[in-house]
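As provided, coords23.csv (CSV, C-alpha atoms) reads as follows.
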```
chain,number,residue,atom,x,y,z
A,1,MET,CA,-3.6,-12.7,-2.5
A,2,HIS,CA,-3.3,-9.8,-4.9
A,3,ARG,CA,-5.6,-7.1,-3.7
A,4,GLN,CA,-6.3,-3.9,-5.7
A,5,TYR,CA,-7.8,-0.6,-4.4
A,6,SER,CA,-8.9,2.5,-6.0
A,7,LEU,CA,-6.7,5.6,-6.1
A,8,ALA,CA,-9.5,7.5,-4.4
A,9,LYS,CA,-8.9,5.2,-1.4
A,10,LYS,CA,-5.2,4.6,-1.6
A,11,LEU,CA,-3.9,8.2,-1.8
A,12,PRO,CA,-6.0,9.6,1.2
A,13,ALA,CA,-5.1,6.5,3.2
A,14,LEU,CA,-1.4,7.0,2.5
A,15,VAL,CA,-1.5,10.7,3.4
A,16,LEU,CA,-3.5,10.0,6.6
A,17,SER,CA,-1.1,7.2,7.6
A,18,ALA,CA,1.9,9.5,7.0
A,19,CYS,CA,0.2,12.3,9.1
A,20,LEU,CA,-0.6,9.8,11.9
A,21,ILE,CA,3.0,8.5,12.0
A,22,PHE,CA,4.3,12.1,12.0
A,23,GLY,CA,1.9,13.1,14.7
A,24,LEU,CA,2.8,10.1,16.9
A,25,PHE,CA,6.6,10.7,16.7
A,26,GLY,CA,6.1,14.4,17.0
A,27,TRP,CA,4.0,14.1,20.1
A,28,ALA,CA,6.5,11.7,21.7
A,29,LEU,CA,9.5,13.9,21.0
A,30,LEU,CA,7.7,17.1,22.0
A,31,SER,CA,6.3,15.6,25.2
A,32,SER,CA,9.7,14.3,26.2
A,33,TYR,CA,11.3,17.7,25.5
A,34,ALA,CA,8.5,19.6,27.4
A,35,SER,CA,8.9,17.3,30.4
A,36,GLN,CA,12.7,17.8,30.4
A,37,LEU,CA,12.3,21.6,30.0
A,38,SER,CA,9.8,21.9,32.8
A,39,GLN,CA,12.1,20.0,35.2
A,40,GLU,CA,15.0,22.4,34.2
A,41,THR,CA,12.7,25.4,34.6
A,42,LEU,CA,11.6,24.2,38.0
A,43,GLN,CA,15.1,23.7,39.2
A,44,GLU,CA,16.3,27.1,37.9
A,45,LYS,CA,13.3,28.9,39.4
A,46,GLY,CA,13.8,27.2,42.8
A,47,ASP,CA,17.6,28.0,42.9
A,48,LEU,CA,17.2,31.6,41.8
A,49,THR,CA,14.4,32.3,44.2
A,50,ILE,CA,16.0,30.8,47.3
A,51,ASN,CA,19.4,32.4,46.5
A,52,GLN,CA,17.7,35.8,46.3
A,53,LEU,CA,15.7,35.2,49.5
A,54,VAL,CA,18.9,34.1,51.4
A,55,GLU,CA,20.6,37.4,50.4
A,56,LEU,CA,17.5,39.4,51.5
A,57,VAL,CA,17.1,37.8,55.0
A,58,ARG,CA,20.8,37.3,55.9
A,59,GLY,CA,21.3,40.8,57.4
A,60,PRO,CA,17.9,41.0,59.2
A,61,LEU,CA,18.4,37.5,60.6
A,62,PHE,CA,21.7,38.4,62.2
A,63,ASN,CA,20.2,41.7,63.4
A,64,GLY,CA,17.1,40.1,64.8
A,65,ASP,CA,14.9,42.1,62.5
A,66,SER,CA,11.9,39.8,62.1
A,67,ILE,CA,9.7,42.5,60.4
A,68,SER,CA,12.2,42.8,57.5
A,69,ILE,CA,12.3,39.0,57.2
A,70,GLN,CA,8.5,38.8,57.1
A,71,VAL,CA,8.3,41.5,54.4
A,72,ALA,CA,10.9,39.7,52.3
A,73,LEU,CA,9.0,36.4,52.6
A,74,GLN,CA,5.7,38.2,51.6
A,75,ASN,CA,7.4,39.7,48.6
A,76,VAL,CA,8.6,36.3,47.5
A,77,ALA,CA,5.2,34.7,48.1
A,78,GLU,CA,3.6,37.1,45.7
A,79,ASP,CA,4.8,34.9,42.9
A,80,ARG,CA,1.8,32.7,42.1
A,81,ILE,CA,3.9,29.5,41.8
A,82,ILE,CA,5.5,30.1,45.2
A,83,LEU,CA,3.2,28.3,47.7
A,84,ASP,CA,5.1,29.3,50.9
A,85,ALA,CA,8.4,30.7,52.2
A,86,SER,CA,9.8,30.2,55.7
A,87,VAL,CA,12.8,31.1,57.8
A,88,TYR,CA,14.1,29.0,60.6
A,89,ASP,CA,16.8,29.7,63.2
A,90,ILE,CA,19.7,27.4,63.8
A,91,GLY,CA,17.7,25.4,66.3
A,92,GLY,CA,15.0,24.7,63.8
A,93,GLN,CA,12.4,27.1,65.3
A,94,LEU,CA,10.2,29.0,62.9
A,95,ILE,CA,11.1,32.7,62.8
A,96,ALA,CA,8.8,33.9,60.0
A,97,GLN,CA,6.6,32.4,57.3
A,98,SER,CA,4.5,33.6,54.4
A,99,LYS,CA,2.0,31.0,53.2
A,100,LYS,CA,-1.0,31.0,50.9
A,101,PRO,CA,-3.7,28.4,50.2
A,102,ALA,CA,-2.5,25.8,47.7
A,103,PRO,CA,-4.7,24.7,44.8
A,104,GLU,CA,-6.0,21.2,44.9
A,105,THR,CA,-4.1,20.3,41.8
A,106,SER,CA,-0.8,21.7,43.0
A,107,ILE,CA,2.3,19.5,43.4
A,108,PRO,CA,4.6,21.2,45.9
A,109,ILE,CA,8.4,20.8,45.5
A,110,SER,CA,10.6,22.1,48.4
A,111,PHE,CA,13.9,23.9,48.2
A,112,SER,CA,16.1,24.7,51.3
A,113,ARG,CA,19.3,26.6,51.8
A,114,ASN,CA,21.3,27.3,54.9
A,115,ILE,CA,22.0,31.0,55.9
A,116,ALA,CA,25.5,31.7,56.9
A,117,LEU,CA,27.7,34.8,57.4
A,118,GLN,CA,31.4,34.5,57.6
A,119,GLU,CA,31.2,30.7,58.0
A,120,THR,CA,28.7,31.2,60.9
A,121,GLN,CA,25.4,29.4,60.3
A,122,ALA,CA,22.4,31.4,61.5
A,123,GLY,CA,19.4,29.5,60.1
A,124,LYS,CA,17.7,28.1,57.1
A,125,VAL,CA,15.4,29.2,54.4
A,126,LEU,CA,12.7,26.9,53.0
A,127,ILE,CA,10.4,27.5,50.0
A,128,SER,CA,7.8,25.4,48.2
A,129,ILE,CA,7.1,25.8,44.5
A,130,ASP,CA,4.0,24.5,42.6
A,131,SER,CA,5.6,22.3,39.9
A,132,ARG,CA,2.1,21.7,38.5
A,133,ALA,CA,1.9,25.3,37.3
A,134,ILE,CA,5.2,25.0,35.4
A,135,GLN,CA,4.3,21.7,33.9
A,136,GLN,CA,1.0,23.1,32.7
A,137,ARG,CA,2.7,26.0,31.0
A,138,HIS,CA,4.9,23.6,29.0
A,139,SER,CA,2.1,21.1,28.5
A,140,GLN,CA,0.1,23.9,26.9
A,141,VAL,CA,2.7,24.1,24.1
A,142,VAL,CA,2.2,20.4,23.4
A,143,SER,CA,-1.6,20.8,23.4
A,144,ASN,CA,-1.4,23.7,21.0
A,145,TRP,CA,0.9,21.7,18.7
A,146,LEU,CA,-1.5,18.7,18.8
A,147,MET,CA,-4.4,21.0,17.9
A,148,LEU,CA,-2.4,22.4,14.9
A,149,TRP,CA,-1.4,18.9,13.9
A,150,ALA,CA,-5.1,17.7,14.0
A,151,VAL,CA,-6.2,20.6,11.8
A,152,PHE,CA,-3.3,20.0,9.4
A,153,THR,CA,-4.1,16.3,9.2
A,154,LEU,CA,-7.8,16.9,8.6
A,155,LEU,CA,-7.2,19.5,5.9
A,156,SER,CA,-4.5,17.4,4.2
A,157,SER,CA,-6.6,14.2,4.2
A,158,TYR,CA,-9.7,16.0,2.9
A,159,GLY,CA,-7.7,17.9,0.3
A,160,CYS,CA,-6.0,14.6,-0.8
A,161,PHE,CA,-9.4,12.8,-0.9
A,162,ARG,CA,-10.9,15.5,-3.2
A,163,PHE,CA,-7.8,15.4,-5.4
A,164,ALA,CA,-7.7,11.6,-5.6
A,165,GLU,CA,-11.4,11.4,-6.3
A,166,GLN,CA,-11.1,13.8,-9.2
A,167,LEU,CA,-8.0,12.0,-10.5
A,168,SER,CA,-9.8,8.6,-10.2
A,169,ARG,CA,-12.8,9.9,-12.0
A,170,ARG,CA,-10.7,11.4,-14.9
A,171,LEU,CA,-8.7,8.2,-15.2
A,172,ARG,CA,-11.9,6.1,-15.4
A,173,MET,CA,-13.3,8.5,-18.0
A,174,LEU,CA,-10.1,8.1,-20.0
A,175,THR,CA,-10.2,4.4,-19.7
A,176,ASN,CA,-13.8,4.1,-20.8
A,177,ARG,CA,-13.0,6.0,-24.0
A,178,LEU,CA,-10.4,3.5,-25.0
A,179,PRO,CA,-11.4,0.3,-26.8
A,180,GLY,CA,-11.5,-2.8,-24.8
A,181,SER,CA,-13.6,-4.9,-22.3
A,182,SER,CA,-16.3,-3.1,-20.3
A,183,GLU,CA,-15.1,-4.8,-17.2
A,184,SER,CA,-12.8,-2.5,-15.2
A,185,LEU,CA,-10.6,-3.1,-12.1
A,186,ASP,CA,-10.8,-1.2,-8.9
A,187,ASP,CA,-7.3,0.1,-9.5
A,188,GLU,CA,-7.7,2.8,-12.1
A,189,MET,CA,-4.0,2.6,-13.2
A,190,ALA,CA,-4.2,-1.1,-13.7
A,191,SER,CA,-7.4,-0.8,-15.6
A,192,LEU,CA,-5.9,1.9,-17.8
A,193,GLU,CA,-2.8,-0.3,-18.4
A,194,LEU,CA,-5.0,-3.2,-19.5
A,195,ARG,CA,-6.8,-1.0,-22.1
A,196,LEU,CA,-3.6,0.5,-23.3
A,197,GLN,CA,-1.7,-2.8,-23.6
A,198,PRO,CA,-3.4,-3.9,-26.9
A,199,LEU,CA,-2.9,-0.4,-28.4
A,200,LEU,CA,0.8,-0.3,-27.4
A,201,SER,CA,1.2,-3.8,-28.8
A,202,LYS,CA,-0.3,-2.7,-32.1
A,203,SER,CA,2.0,0.3,-32.2
A,204,SER,CA,5.0,-1.8,-31.6
A,205,ASP,CA,3.9,-4.2,-34.4
A,206,GLU,CA,4.0,-1.3,-36.9
A,207,GLY,CA,7.8,-1.2,-36.5
A,208,LEU,CA,8.2,-4.7,-37.9
A,209,SER,CA,9.1,-5.5,-41.4
A,210,ASP,CA,6.5,-5.4,-44.2
A,211,THR,CA,6.6,-9.2,-44.4
A,212,GLY,CA,4.9,-9.5,-41.0
A,213,TYR,CA,5.4,-12.3,-38.6
A,214,TYR,CA,4.1,-15.7,-37.6
A,215,CYS,CA,1.5,-15.3,-34.9
A,216,SER,CA,-0.2,-17.9,-32.6
A,217,LEU,CA,-3.4,-16.7,-31.0
A,218,ILE,CA,-4.7,-18.4,-27.9
A,219,THR,CA,-8.3,-18.2,-26.7
A,220,ALA,CA,-9.3,-19.3,-23.2
A,221,THR,CA,-13.1,-19.7,-23.1
A,222,ILE,CA,-14.9,-19.8,-19.8
A,223,LYS,CA,-17.8,-22.2,-20.7
A,224,ASN,CA,-19.7,-21.7,-17.5
A,225,ARG,CA,-19.6,-17.9,-17.6
A,226,HIS,CA,-23.4,-17.6,-17.4
A,227,ARG,CA,-23.6,-20.1,-14.5
A,228,LEU,CA,-21.0,-18.1,-12.6
A,229,GLU,CA,-22.9,-14.8,-13.2
A,230,SER,CA,-26.0,-16.5,-11.6
A,231,GLN,CA,-24.1,-18.0,-8.7
A,232,LEU,CA,-21.9,-15.1,-7.7
A,233,ASN,CA,-22.8,-11.5,-6.8
A,234,ARG,CA,-21.3,-8.7,-8.8
A,235,GLN,CA,-18.6,-8.0,-6.3
A,236,ASN,CA,-17.4,-11.6,-6.1
A,237,LEU,CA,-17.6,-12.0,-9.9
A,238,THR,CA,-15.5,-8.8,-10.3
A,239,GLN,CA,-12.9,-10.0,-7.9
A,240,LEU,CA,-12.7,-13.4,-9.6
A,241,PHE,CA,-12.1,-11.8,-13.0
A,242,GLU,CA,-9.5,-9.4,-11.5
A,243,LYS,CA,-7.6,-12.5,-10.2
A,244,ILE,CA,-7.9,-14.2,-13.6
A,245,ASP,CA,-6.6,-11.1,-15.3
A,246,TYR,CA,-3.7,-10.8,-12.9
A,247,CYS,CA,-2.7,-14.5,-13.3
A,248,THR,CA,-2.9,-14.0,-17.1
A,249,LEU,CA,-0.7,-10.9,-17.1
A,250,ARG,CA,2.0,-12.5,-14.9
A,251,THR,CA,2.1,-15.7,-17.1
A,252,LEU,CA,2.4,-13.6,-20.3
A,253,GLU,CA,5.3,-11.7,-18.8
A,254,LEU,CA,7.1,-15.0,-18.4
A,255,TYR,CA,6.5,-16.2,-22.0
A,256,ALA,CA,6.6,-12.8,-23.8
A,257,GLY,CA,2.9,-13.0,-24.7
A,258,GLN,CA,0.7,-10.0,-25.6
A,259,ARG,CA,-2.9,-9.6,-24.2
A,260,ILE,CA,-5.5,-8.4,-26.7
A,261,GLU,CA,-9.2,-7.6,-26.5
A,262,GLY,CA,-11.4,-10.7,-26.0
A,263,GLY,CA,-15.1,-11.3,-26.1
A,264,SER,CA,-17.5,-11.9,-23.3
A,265,GLY,CA,-16.3,-14.9,-21.3
A,266,SER,CA,-13.0,-15.3,-23.1
A,267,ILE,CA,-9.3,-14.3,-22.8
A,268,ASN,CA,-7.3,-13.7,-25.9
A,269,PHE,CA,-3.5,-13.3,-26.2
A,270,TYR,CA,-0.9,-14.1,-28.8
A,271,ILE,CA,2.8,-15.0,-29.0
A,272,ARG,CA,4.7,-14.2,-32.2
A,273,SER,CA,7.7,-15.5,-34.0
A,274,THR,CA,9.8,-14.5,-37.0
A,275,GLN,CA,9.3,-17.9,-38.5
A,276,VAL,CA,7.2,-21.1,-38.4
A,277,SER,CA,8.7,-23.6,-36.0
A,278,LYS,CA,7.8,-26.4,-33.6
A,279,GLN,CA,9.8,-24.6,-30.9
A,280,HIS,CA,7.5,-21.6,-31.2
A,281,LEU,CA,4.4,-23.9,-30.8
A,282,LEU,CA,6.1,-25.5,-27.8
A,283,ILE,CA,6.5,-22.1,-26.1
A,284,CYS,CA,2.8,-21.4,-26.8
A,285,LEU,CA,1.8,-24.7,-25.3
A,286,MET,CA,3.9,-24.2,-22.2
A,287,ALA,CA,2.3,-20.8,-21.7
A,288,ILE,CA,-1.2,-22.3,-22.1
A,289,TYR,CA,-0.4,-25.2,-19.7
A,290,SER,CA,1.2,-22.9,-17.1
A,291,LEU,CA,-1.8,-20.6,-17.1
A,292,GLN,CA,-4.2,-23.5,-17.0
A,293,GLN,CA,-2.6,-25.0,-14.0
A,294,VAL,CA,-2.4,-21.6,-12.1
A,295,LEU,CA,-6.1,-21.0,-12.8
A,296,GLU,CA,-7.0,-24.5,-11.6
A,297,ARG,CA,-5.2,-23.7,-8.3
A,298,LEU,CA,-7.1,-20.5,-8.1
A,299,SER,CA,-10.3,-22.3,-8.7
A,300,GLU,CA,-9.6,-24.8,-5.9
A,301,GLU,CA,-8.5,-22.0,-3.5
A,302,LEU,CA,-11.7,-20.0,-4.1
A,303,GLY,CA,-13.9,-23.0,-4.2
A,304,ILE,CA,-15.3,-21.9,-7.6
A,305,ASP,CA,-15.6,-24.2,-10.5
A,306,LEU,CA,-14.0,-22.8,-13.7
A,307,ASP,CA,-14.8,-24.7,-16.9
A,308,ILE,CA,-12.1,-23.4,-19.3
A,309,CYS,CA,-11.0,-24.8,-22.6
A,310,TRP,CA,-8.0,-23.6,-24.7
A,311,ALA,CA,-7.7,-23.2,-28.4
A,312,LEU,CA,-4.6,-22.3,-30.4
A,313,CYS,CA,-4.5,-21.2,-34.0
A,314,SER,CA,-1.6,-19.8,-36.0
A,315,ASP,CA,-1.0,-17.9,-39.2
A,316,ASN,CA,1.2,-15.3,-40.8
A,317,ILE,CA,0.1,-11.8,-39.9
A,318,PRO,CA,1.0,-8.8,-42.1
A,319,SER,CA,2.4,-5.8,-40.2
A,320,ALA,CA,1.2,-3.2,-42.7
A,321,PRO,CA,-1.1,-1.8,-43.6
A,322,LEU,CA,-2.7,-1.7,-40.1
A,323,PHE,CA,-6.2,-2.7,-41.2
A,324,ARG,CA,-4.7,-5.9,-42.8
A,325,HIS,CA,-3.0,-6.6,-39.5
A,326,HIS,CA,-6.3,-6.3,-37.6
A,327,GLU,CA,-8.0,-8.5,-40.2
A,328,GLY,CA,-5.4,-11.2,-39.6
A,329,LEU,CA,-5.9,-11.1,-35.8
A,330,ASP,CA,-9.7,-11.1,-36.2
A,331,LYS,CA,-9.5,-14.2,-38.5
A,332,LEU,CA,-7.5,-16.0,-35.8
A,333,LYS,CA,-10.0,-15.0,-33.1
A,334,SER,CA,-12.8,-16.4,-35.2
A,335,ALA,CA,-10.9,-19.6,-35.7
A,336,THR,CA,-10.1,-20.1,-32.1
A,337,ALA,CA,-13.6,-19.3,-31.0
A,338,SER,CA,-15.1,-21.8,-33.5
A,339,LEU,CA,-12.6,-24.5,-32.3
A,340,ALA,CA,-13.4,-23.7,-28.6
A,341,ASP,CA,-17.1,-24.5,-29.2
A,342,ASP,CA,-16.2,-28.1,-29.7
A,343,LEU,CA,-13.9,-28.6,-26.8
A,344,ASP,CA,-14.6,-29.9,-23.4
A,345,LYS,CA,-13.5,-28.5,-20.0
A,346,GLY,CA,-9.7,-28.4,-19.6
A,347,ALA,CA,-8.9,-29.4,-23.2
A,348,ILE,CA,-6.0,-27.7,-24.9
A,349,ALA,CA,-6.4,-27.9,-28.7
A,350,VAL,CA,-3.8,-26.9,-31.4
A,351,GLN,CA,-4.8,-26.3,-35.0
A,352,SER,CA,-1.8,-26.5,-37.3
A,353,ALA,CA,-1.6,-27.0,-41.0
A,354,GLU,CA,2.2,-26.8,-41.0
A,355,PHE,CA,2.9,-29.9,-38.8
A,356,ASP,CA,1.1,-33.2,-38.5
A,357,ILE,CA,0.8,-35.3,-35.3
A,358,GLU,CA,4.0,-37.3,-36.0
A,359,GLN,CA,6.0,-34.1,-36.3
A,360,LEU,CA,4.5,-32.6,-33.2
A,361,SER,CA,5.3,-35.7,-31.2
A,362,SER,CA,8.8,-34.4,-30.7
A,363,ILE,CA,7.6,-31.6,-28.5
A,364,ALA,CA,4.6,-33.1,-26.7
A,365,ARG,CA,2.0,-36.0,-26.8
A,366,PHE,CA,-1.2,-35.3,-28.8
A,367,LEU,CA,-4.4,-37.1,-29.8
A,368,PRO,CA,-6.1,-36.4,-33.1
A,369,PHE,CA,-9.2,-34.3,-32.7
A,370,LYS,CA,-10.2,-33.4,-36.2
A,371,GLU,CA,-8.5,-32.4,-39.4
A,372,ASN,CA,-5.3,-30.5,-38.7
A,373,CYS,CA,-6.3,-30.2,-35.1
A,374,PHE,CA,-4.8,-32.1,-32.1
A,375,VAL,CA,-5.5,-32.2,-28.3
A,376,LEU,CA,-2.6,-32.0,-25.9
A,377,GLN,CA,-2.1,-35.0,-23.7
A,378,GLY,CA,1.2,-34.2,-21.9
A,379,PHE,CA,4.8,-33.3,-22.2
A,380,PRO,CA,8.1,-35.3,-21.9
A,381,GLU,CA,9.2,-35.9,-18.3
A,382,GLY,CA,12.0,-33.4,-18.4
A,383,ARG,CA,9.8,-30.7,-19.9
A,384,GLN,CA,7.1,-31.5,-17.4
A,385,MET,CA,9.5,-31.0,-14.4
A,386,LEU,CA,10.6,-27.6,-15.8
A,387,LEU,CA,6.9,-26.6,-16.2
A,388,GLU,CA,6.1,-27.6,-12.6
A,389,LYS,CA,8.8,-25.3,-11.3
A,390,GLN,CA,7.5,-22.4,-13.5
A,391,ILE,CA,3.9,-23.1,-12.4
A,392,GLN,CA,5.0,-23.1,-8.7
A,393,HIS,CA,6.8,-19.7,-9.3
A,394,LEU,CA,3.7,-18.3,-10.9
A,395,ALA,CA,1.4,-19.6,-8.2
A,396,THR,CA,3.6,-18.0,-5.5
A,397,ILE,CA,3.3,-14.6,-7.3
A,398,CYS,CA,-0.4,-14.7,-8.3
A,399,LEU,CA,-2.0,-16.6,-5.4
```

Would you mind giving the structure from this file in structure tokens?
Amino acid sequence: MHRQYSLAKKLPALVLSACLIFGLFGWALLSSYASQLSQETLQEKGDLTINQLVELVRGPLFNGDSISIQVALQNVAEDRIILDASVYDIGGQLIAQSKKPAPETSIPISFSRNIALQETQAGKVLISIDSRAIQQRHSQVVSNWLMLWAVFTLLSSYGCFRFAEQLSRRLRMLTNRLPGSSESLDDEMASLELRLQPLLSKSSDEGLSDTGYYCSLITATIKNRHRLESQLNRQNLTQLFEKIDYCTLRTLELYAGQRIEGGSGSINFYIRSTQVSKQHLLICLMAIYSLQQVLERLSEELGIDLDICWALCSDNIPSAPLFRHHEGLDKLKSATASLADDLDKGAIAVQSAEFDIEQLSSIARFLPFKENCFVLQGFPEGRQMLLEKQIQHLATICL
């Protein structure tokens, strides 16, 4: 399903998602680096401390000076991350020790080193280091970074929300000033494009030759519009018309049609040609039939009954002056609206003064409806197979 959201929601959600992804990867990398760095710092601290202690106690140990050994151990134990330091003789008997109470959260890691002089072993030095203290020091860096990231994410999301809200409001104000249907989509850009499309189409028409062009205007009338308004709440009704608009736009892209402003409960679009031809009418009928089938599938999928009839009227439309151009389109609108009043649900009617039913039988099968007006019954088998493929393609995109 095609789902549209307001810019006031999409932009902050995008920024917040980006910040969350950045924070997740940043936390993982920084935590891994902090853990590795704390291990390296612990190893360096243990090696440096025990090497210094070995040098300090080597002489006193060979001289039997236990007082000097005890002083050296006490000096080493003054470091808050050193939990205890001990010296043992060659037989493993404790000679001197300096030990302090270990915190409950401490995680002691032991380092030992033999004491030797001229290849003669005299004893061993053993120290315990609180690895928890080193880990906390590096973990604090990660915590500080997470705090800064949280503040940055909060400020960025809030700032983006305010900006997106103002942008959304300004786009809606601009859209409401343009001529067109009062129904607007949740997506402000899509709503603005819908309002601008008829204006852009008119601007492009001004570049045509002064002789104008042959235009076929199609009106799709939702005959049960009032019943839908009473059965559906405003949100469901808006979503339904959004889906209908989307299906219409995608179909017109396939058949080079142009959407123009329609009345309440109707969809208007036209397909133009440089000359009157049955091939042009065939393309119009294929566009109508394709959109009709896509909307029927949409109706079945949503479980909502759509009573839509289709009317096609054609005429030569002047390109200039502009007011004559608009008058020609308005006449076609009136003609299709009048024709649609007499049609039943699902009917596709063509009003043509240029071709009779015999001439039109070469492009499709028709039944006479009234003077110069015929109701489509079907297409030749080869054309029908091609249409089914196009309808399936449109249904895949739209539904």

Neighbour list for segment 154-158 of chain A as an NGL selection string, cut-off 8 Å, only C-alpha atoms, skip fewer than 2 positions in-chain: :A and (12-13 or 15-16 or 150-152 or 160-162)

For the selection just defined, write its residues with C-alpha atoms to a file, as an mmCIF file, in the frame of the given file.
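Saved as out.cif:
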```cif
data_model
loop_
_atom_site.group_PDB
_atom_site.id
_atom_site.type_symbol
_atom_site.label_atom_id
_atom_site.label_comp_id
_atom_site.auth_asym_id
_atom_site.auth_seq_id
_atom_site.Cartn_x
_atom_site.Cartn_y
_atom_site.Cartn_z
ATOM 1 C CA PRO A 12 -6.000 9.600 1.200
ATOM 2 C CA ALA A 13 -5.100 6.500 3.200
ATOM 3 C CA VAL A 15 -1.500 10.700 3.400
ATOM 4 C CA LEU A 16 -3.500 10.000 6.600
ATOM 5 C CA ALA A 150 -5.100 17.700 14.000
ATOM 6 C CA VAL A 151 -6.200 20.600 11.800
ATOM 7 C CA PHE A 152 -3.300 20.000 9.400
ATOM 8 C CA CYS A 160 -6.000 14.600 -0.800
ATOM 9 C CA PHE A 161 -9.400 12.800 -0.900
ATOM 10 C CA ARG A 162 -10.900 15.500 -3.200
#
```

Nearest to Asn144 of chain A by atom-to-atom distance, counting all atoms listed in the file, from A:Leu30, A:Leu56, A:Ile127, A:Ile397: A:Leu30

Which neighbours of Leu312 of chain A fall inside 9 Å, counting only C-alpha atoms, when residues of the same chain fewer than 2 positions from it are skipped, and could you give them as a list in words? Ser216, Leu217, Ile218, Thr219, Cys284, Leu285, Ile288, Trp310, Ser314, Leu332, Ala335, Thr336, Leu339, Ile348, Ala349, Val350, Gln351 and Ser352 of chain A

Write the selection just made, keeping C-alpha atoms, as a PDB file, keeping the file's coordinate frame?
```pdb
ATOM      1  CA  SER A 216      -0.200 -17.900 -32.600  1.00  0.00           C
ATOM      2  CA  LEU A 217      -3.400 -16.700 -31.000  1.00  0.00           C
ATOM      3  CA  ILE A 218      -4.700 -18.400 -27.900  1.00  0.00           C
ATOM      4  CA  THR A 219      -8.300 -18.200 -26.700  1.00  0.00           C
ATOM      5  CA  CYS A 284       2.800 -21.400 -26.800  1.00  0.00           C
ATOM      6  CA  LEU A 285       1.800 -24.700 -25.300  1.00  0.00           C
ATOM      7  CA  ILE A 288      -1.200 -22.300 -22.100  1.00  0.00           C
ATOM      8  CA  TRP A 310      -8.000 -23.600 -24.700  1.00  0.00           C
ATOM      9  CA  SER A 314      -1.600 -19.800 -36.000  1.00  0.00           C
ATOM     10  CA  LEU A 332      -7.500 -16.000 -35.800  1.00  0.00           C
ATOM     11  CA  ALA A 335     -10.900 -19.600 -35.700  1.00  0.00           C
ATOM     12  CA  THR A 336     -10.100 -20.100 -32.100  1.00  0.00           C
ATOM     13  CA  LEU A 339     -12.600 -24.500 -32.300  1.00  0.00           C
ATOM     14  CA  ILE A 348      -6.000 -27.700 -24.900  1.00  0.00           C
ATOM     15  CA  ALA A 349      -6.400 -27.900 -28.700  1.00  0.00           C
ATOM     16  CA  VAL A 350      -3.800 -26.900 -31.400  1.00  0.00           C
ATOM     17  CA  GLN A 351      -4.800 -26.300 -35.000  1.00  0.00           C
ATOM     18  CA  SER A 352      -1.800 -26.500 -37.300  1.00  0.00           C
TER      19      SER A 352
END
```

What's the separation between atom CA of Gly257 of chain A and atom CA of Tyr270 of chain A, in Å to one decimal place? 5.7 Å

Between atom CA of Phe22 of chain A and atom CA of Ala133 of chain A, what is the spacing in Å? 28.6 Å

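Taking atom CA of Gln231 of chain A and atom CA of Ala337 of chain A as the two end points, the separation is 24.7 Å.
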
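In terms of minimum interatomic distance to Tyr246 of chain A, A:Asp187 ranks closest within A:Asp187, A:Asp130, A:Glu229, A:Glu371, counting all atoms listed in the file.
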
Just want the 12 Å neighbourhood of Met147 of chain A, counted on all atoms listed in the file, with same-chain residues fewer than 6 positions away dropped. Output as a ChimeraX atom specification. /A:23,27,140-141,153-154

Between A:Lys9, A:Lys370, A:Arg259, A:Arg225, which is the closest to Leu343 of chain A once you count all atoms listed in the file? A:Lys370

Give the answer as one residue: which of A:Leu394, A:Ile267, A:Leu148, A:Ile90 has the shortest atom-to-atom distance to Glu253 of chain A, using all atoms listed in the file? A:Leu394

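Among the candidate residues A:Cys247, A:Ile222, A:Ile115, A:Val294, the one lying nearest to Lys389 of chain A is A:Val294, with distances computed using only C-alpha atoms.
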
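When only C-alpha atoms are used to measure the gap to Ala164 of chain A, the shortest distance among A:Glu44, A:Glu188, A:Gln384, A:Arg227 belongs to A:Glu188.
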